[in-house]
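See below for the structure under consideration.
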Amino acid sequence: MASLRFLITFYTHPLVVGILAFTFLLACTLLVLYASSQRAILKRKTLLGLVSLSTFLWLFFILSILLCTYYEHEYLEYPLRIVKLIASISALAALTISLILAALVNRRTKQYFLRNAPLCSFTKRERALLAKICATRNLPPVTFKKIRKEFPNAYSLSGKQDIIFFTKGLLDNLGPRELEAVILHEYAHLANKDSTTRIYLAIMAKIIFFDPVLRYVHRTIGREMEFMADDYAVAKLHQKKALLSALRNINDYHLAHESFLPSLYSLKPEQVFLDERIARLANY
């Protein structure tokens, strides 16, 4: 590990202070935009910007400490040159790693879900019902898949091939109007590319588990995505009854079985804001 004296010298160098100050100013700007904006999409983008800055900063600190340790002896001979070298490499590497990590997480995680989902076949009745809903609503084509799980839930994955997953329990427990509301809700997620954002945030929240900013953003964006998708479904249906009934049925199942609602985008079971969504729709 680099000596404390070297680290203090490095982090008080004007170049490093400039990098940290610029990042801090960007973070403050994003916070102001988030607090002042009334547009949900803009608020989400500002929060994602904060996540990117947070990831960059943690990587910058880790890389710079490692490089300070590696170049400590050279620093004694060429102090200014070594400080500039470490700062430049750390900043560029942190930025590059952040971008690569985001791309890998989104691509590999989706492939993992597709490979490991316990799929089963739709019944004729279910296929006919899904086709009827899509035709009636003139919905763009997506791939529907059925998961062999008893808990009622639905997921969506956006990409080259948009996919909506239904669990067996959901199809068994919901009526046609409720299922239609759920499908419209998932179409909203697909239109907004929510799965890409949520998968990235879920994985990053596990990697940088000690970052309170990331935990807050992960939960806040997840809530906003669900609210926006609910609003879309209600607007398309011109009523809230079907979606509210579907959410209550899902919630009742998990309360009766004393279980949590597993989320596709989390690495552990959690309730996807069901109580908040039900209360919000009830007062819609």
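In the structure tokens, the first chain shown is A, the next is B, and so on; residue numbers restart at 1 for each chain, and ligands run from 1 in the order shown.
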
>> Using only C-alpha atoms, which protein or nucleic acid residues come within 12 Å of A:Asp211? Drop anything in the same chain fewer than 2 positions from it, and give the result as an MDAnalysis selection string.
In response: chainID A and resid 50:51 53:55 57:58 204:209 213:218

> Among stretch 54-215 of chain A, which residues carry a DSSP assignment of alpha helix (DSSP H), reported as a ChimeraX atom specification?
Replying inline: /A:54-70,72-77,79-116,124-137,168-173,176-191,194-207,212-215

>> From the options A:Cys68, A:Leu174, A:Ala246, A:Ala102, which residue's atoms come nearest to A:Thr197, counting only C-alpha atoms?
In response: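 Going through A:Cys68, A:Leu174, A:Ala246, A:Ala102 one by one, the smallest distance to A:Thr197 is for A:Ala102.
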
> Which value, in Å to one decimal, gives the distance between atom CA of A:Thr167 and atom CA of A:Ile147?
Replying inline: 4.5 Å

>> Using DSSP assignments from the backbone, pull out every residue in stretch 87-154 of chain A that falls under strand (DSSP E or B) and give it to me as a list of chain:residue names.
In response: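 So the strand (DSSP E or B) residues in stretch 87-154 of chain A would be A:Leu119, A:Cys120, A:Thr143, A:Phe144, A:Lys145, A:Lys146, A:Ile147, A:Ala154.
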
Residue selection dump (all heavy atoms) as a PDB file, in the first residue's frame:
```pdb
ATOM      1  N   LEU A 119     -38.883 -22.575 -18.432  1.00  0.00           N
ATOM      2  CA  LEU A 119     -39.999 -22.305 -19.335  1.00  0.00           C
ATOM      3  C   LEU A 119     -40.906 -23.528 -19.499  1.00  0.00           C
ATOM      4  O   LEU A 119     -40.470 -24.670 -19.345  1.00  0.00           O
ATOM      5  CB  LEU A 119     -39.470 -21.877 -20.704  1.00  0.00           C
ATOM      6  CG  LEU A 119     -38.586 -20.626 -20.726  1.00  0.00           C
ATOM      7  CD1 LEU A 119     -38.099 -20.356 -22.142  1.00  0.00           C
ATOM      8  CD2 LEU A 119     -39.336 -19.419 -20.180  1.00  0.00           C
ATOM      9  N   CYS A 120     -42.158 -23.252 -19.812  1.00  0.00           N
ATOM     10  CA  CYS A 120     -43.116 -24.306 -20.144  1.00  0.00           C
ATOM     11  C   CYS A 120     -44.038 -23.777 -21.244  1.00  0.00           C
ATOM     12  O   CYS A 120     -43.958 -22.603 -21.622  1.00  0.00           O
ATOM     13  CB  CYS A 120     -43.913 -24.743 -18.916  1.00  0.00           C
ATOM     14  SG  CYS A 120     -44.820 -23.423 -18.092  1.00  0.00           S
ATOM     15  N   THR A 143     -42.415 -11.371 -28.066  1.00  0.00           N
ATOM     16  CA  THR A 143     -42.406 -12.805 -27.781  1.00  0.00           C
ATOM     17  C   THR A 143     -42.920 -13.028 -26.366  1.00  0.00           C
ATOM     18  O   THR A 143     -42.440 -12.396 -25.421  1.00  0.00           O
ATOM     19  CB  THR A 143     -40.979 -13.373 -27.905  1.00  0.00           C
ATOM     20  OG1 THR A 143     -40.509 -13.171 -29.236  1.00  0.00           O
ATOM     21  CG2 THR A 143     -40.957 -14.860 -27.583  1.00  0.00           C
ATOM     22  N   PHE A 144     -43.907 -13.896 -26.236  1.00  0.00           N
ATOM     23  CA  PHE A 144     -44.426 -14.252 -24.919  1.00  0.00           C
ATOM     24  C   PHE A 144     -43.814 -15.584 -24.491  1.00  0.00           C
ATOM     25  O   PHE A 144     -43.710 -16.514 -25.291  1.00  0.00           O
ATOM     26  CB  PHE A 144     -45.950 -14.384 -24.941  1.00  0.00           C
ATOM     27  CG  PHE A 144     -46.667 -13.087 -25.184  1.00  0.00           C
ATOM     28  CD1 PHE A 144     -47.450 -12.914 -26.319  1.00  0.00           C
ATOM     29  CD2 PHE A 144     -46.562 -12.039 -24.288  1.00  0.00           C
ATOM     30  CE1 PHE A 144     -48.115 -11.723 -26.551  1.00  0.00           C
ATOM     31  CE2 PHE A 144     -47.221 -10.836 -24.511  1.00  0.00           C
ATOM     32  CZ  PHE A 144     -47.994 -10.680 -25.645  1.00  0.00           C
ATOM     33  N   LYS A 145     -43.429 -15.660 -23.227  1.00  0.00           N
ATOM     34  CA  LYS A 145     -42.899 -16.902 -22.677  1.00  0.00           C
ATOM     35  C   LYS A 145     -43.548 -17.168 -21.322  1.00  0.00           C
ATOM     36  O   LYS A 145     -43.859 -16.233 -20.582  1.00  0.00           O
ATOM     37  CB  LYS A 145     -41.374 -16.845 -22.536  1.00  0.00           C
ATOM     38  CG  LYS A 145     -40.639 -16.811 -23.878  1.00  0.00           C
ATOM     39  CD  LYS A 145     -39.137 -16.876 -23.708  1.00  0.00           C
ATOM     40  CE  LYS A 145     -38.419 -16.833 -25.055  1.00  0.00           C
ATOM     41  NZ  LYS A 145     -38.658 -18.050 -25.851  1.00  0.00           N
ATOM     42  N   LYS A 146     -43.726 -18.437 -21.033  1.00  0.00           N
ATOM     43  CA  LYS A 146     -44.371 -18.855 -19.786  1.00  0.00           C
ATOM     44  C   LYS A 146     -43.348 -19.538 -18.886  1.00  0.00           C
ATOM     45  O   LYS A 146     -42.602 -20.411 -19.330  1.00  0.00           O
ATOM     46  CB  LYS A 146     -45.530 -19.806 -20.101  1.00  0.00           C
ATOM     47  CG  LYS A 146     -46.321 -20.275 -18.888  1.00  0.00           C
ATOM     48  CD  LYS A 146     -47.465 -21.184 -19.338  1.00  0.00           C
ATOM     49  CE  LYS A 146     -48.255 -21.733 -18.167  1.00  0.00           C
ATOM     50  NZ  LYS A 146     -49.349 -22.630 -18.622  1.00  0.00           N
ATOM     51  N   ILE A 147     -43.328 -19.120 -17.627  1.00  0.00           N
ATOM     52  CA  ILE A 147     -42.379 -19.661 -16.655  1.00  0.00           C
ATOM     53  C   ILE A 147     -43.109 -20.612 -15.712  1.00  0.00           C
ATOM     54  O   ILE A 147     -44.194 -20.295 -15.207  1.00  0.00           O
ATOM     55  CB  ILE A 147     -41.713 -18.530 -15.847  1.00  0.00           C
ATOM     56  CG1 ILE A 147     -40.922 -17.614 -16.789  1.00  0.00           C
ATOM     57  CG2 ILE A 147     -40.791 -19.094 -14.774  1.00  0.00           C
ATOM     58  CD1 ILE A 147     -40.295 -16.427 -16.097  1.00  0.00           C
ATOM     59  N   ALA A 154     -45.128 -11.124 -13.635  1.00  0.00           N
ATOM     60  CA  ALA A 154     -44.799 -10.928 -15.048  1.00  0.00           C
ATOM     61  C   ALA A 154     -43.530 -10.096 -15.128  1.00  0.00           C
ATOM     62  O   ALA A 154     -43.298  -9.223 -14.285  1.00  0.00           O
ATOM     63  CB  ALA A 154     -45.941 -10.221 -15.776  1.00  0.00           C
TER      64      ALA A 154
END
```

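For the residues A:Arg148, A:Lys124, A:His13, A:Lys132, ranking by smallest atom-to-atom distance to A:Pro79 using only C-alpha atoms places A:His13 first.
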
>> I'd like the contact shell of stretch 38-46 of chain A - 10 Å cut-off, only C-alpha atoms, skipping same-chain residues fewer than 3 positions apart - returned as a ChimeraX atom specification.
In response: /A:27,29-35,49-52,192,197,217,220-222,224-225,227-228

>> Report, in Å to a single decimal, how far apart atom CA of A:Arg219 and atom CA of A:Phe273 are.
In response: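 Computed distance, atom CA of A:Phe273 to atom CA of A:Arg219, equals 9.4 Å.
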
> Which one of A:Asp162, A:Asn153, A:Ile203, A:Phe10 sits closest to A:Arg81 if you count only C-alpha atoms?
Replying inline: A:Phe10

>> Just want the 12 Å neighbourhood of A:Leu66, counted on only C-alpha atoms, with same-chain residues fewer than 5 positions away dropped. Output as a ChimeraX atom specification.
In response: /A:1-3,7,59-61,71-72,86-87,89-90

Can you check which parts of stretch 135-166 of chain A lie within 7 Å of stretch 175-187 of chain A? Per residue, the shortest pair of atoms and distance in Å to one decimal, counting only C-alpha atoms, sorted by chain and number, as a Markdown table.
```
| residue | atom | partner | partner_atom | distance |
| --- | --- | --- | --- | --- |
| A:Tyr155 | CA | A:Glu186 | CA | 6.9 |
| A:Ser156 | CA | A:Glu186 | CA | 6.0 |
| A:Ile164 | CA | A:Glu186 | CA | 6.9 |
```

Residues from last step as file, N, CA, C and O atoms, as a PDB file, in the first residue's frame:
```
ATOM      1  N   TYR A 155     -42.704 -10.388 -16.110  1.00  0.00           N
ATOM      2  CA  TYR A 155     -41.461  -9.666 -16.334  1.00  0.00           C
ATOM      3  C   TYR A 155     -41.372  -9.285 -17.807  1.00  0.00           C
ATOM      4  O   TYR A 155     -42.070  -9.849 -18.645  1.00  0.00           O
ATOM      5  N   SER A 156     -40.460  -8.383 -18.111  1.00  0.00           N
ATOM      6  CA  SER A 156     -40.190  -8.074 -19.517  1.00  0.00           C
ATOM      7  C   SER A 156     -38.703  -7.825 -19.700  1.00  0.00           C
ATOM      8  O   SER A 156     -38.028  -7.333 -18.793  1.00  0.00           O
ATOM      9  N   ILE A 164     -41.887 -10.807 -23.058  1.00  0.00           N
ATOM     10  CA  ILE A 164     -42.678 -10.679 -21.833  1.00  0.00           C
ATOM     11  C   ILE A 164     -42.852 -12.079 -21.250  1.00  0.00           C
ATOM     12  O   ILE A 164     -43.294 -12.998 -21.944  1.00  0.00           O
TER      13      ILE A 164
END
```

> With distances taken over only C-alpha atoms, which of A:Leu104, A:Val83, A:Leu130, A:Ile163 is nearest to A:Ile65?
Replying inline: A:Val83

>> Which residue is closest to A:Gly169? Choose from A:Leu63, A:Leu114, A:Ile250, A:Leu244 and count only C-alpha atoms.
In response: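 Among the listed residues, A:Ile250 lies closest to A:Gly169.
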
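For the choices A:Ser88, A:Thr196, A:Asn251, A:Asn173, the atom-to-atom distance to A:Val105 is smallest for A:Thr196 when using only C-alpha atoms.
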
>> What does the structure give for the distance between atom CA of A:Phe210 and atom CA of A:Val17, in Å to one decimal?
In response: 23.5 Å
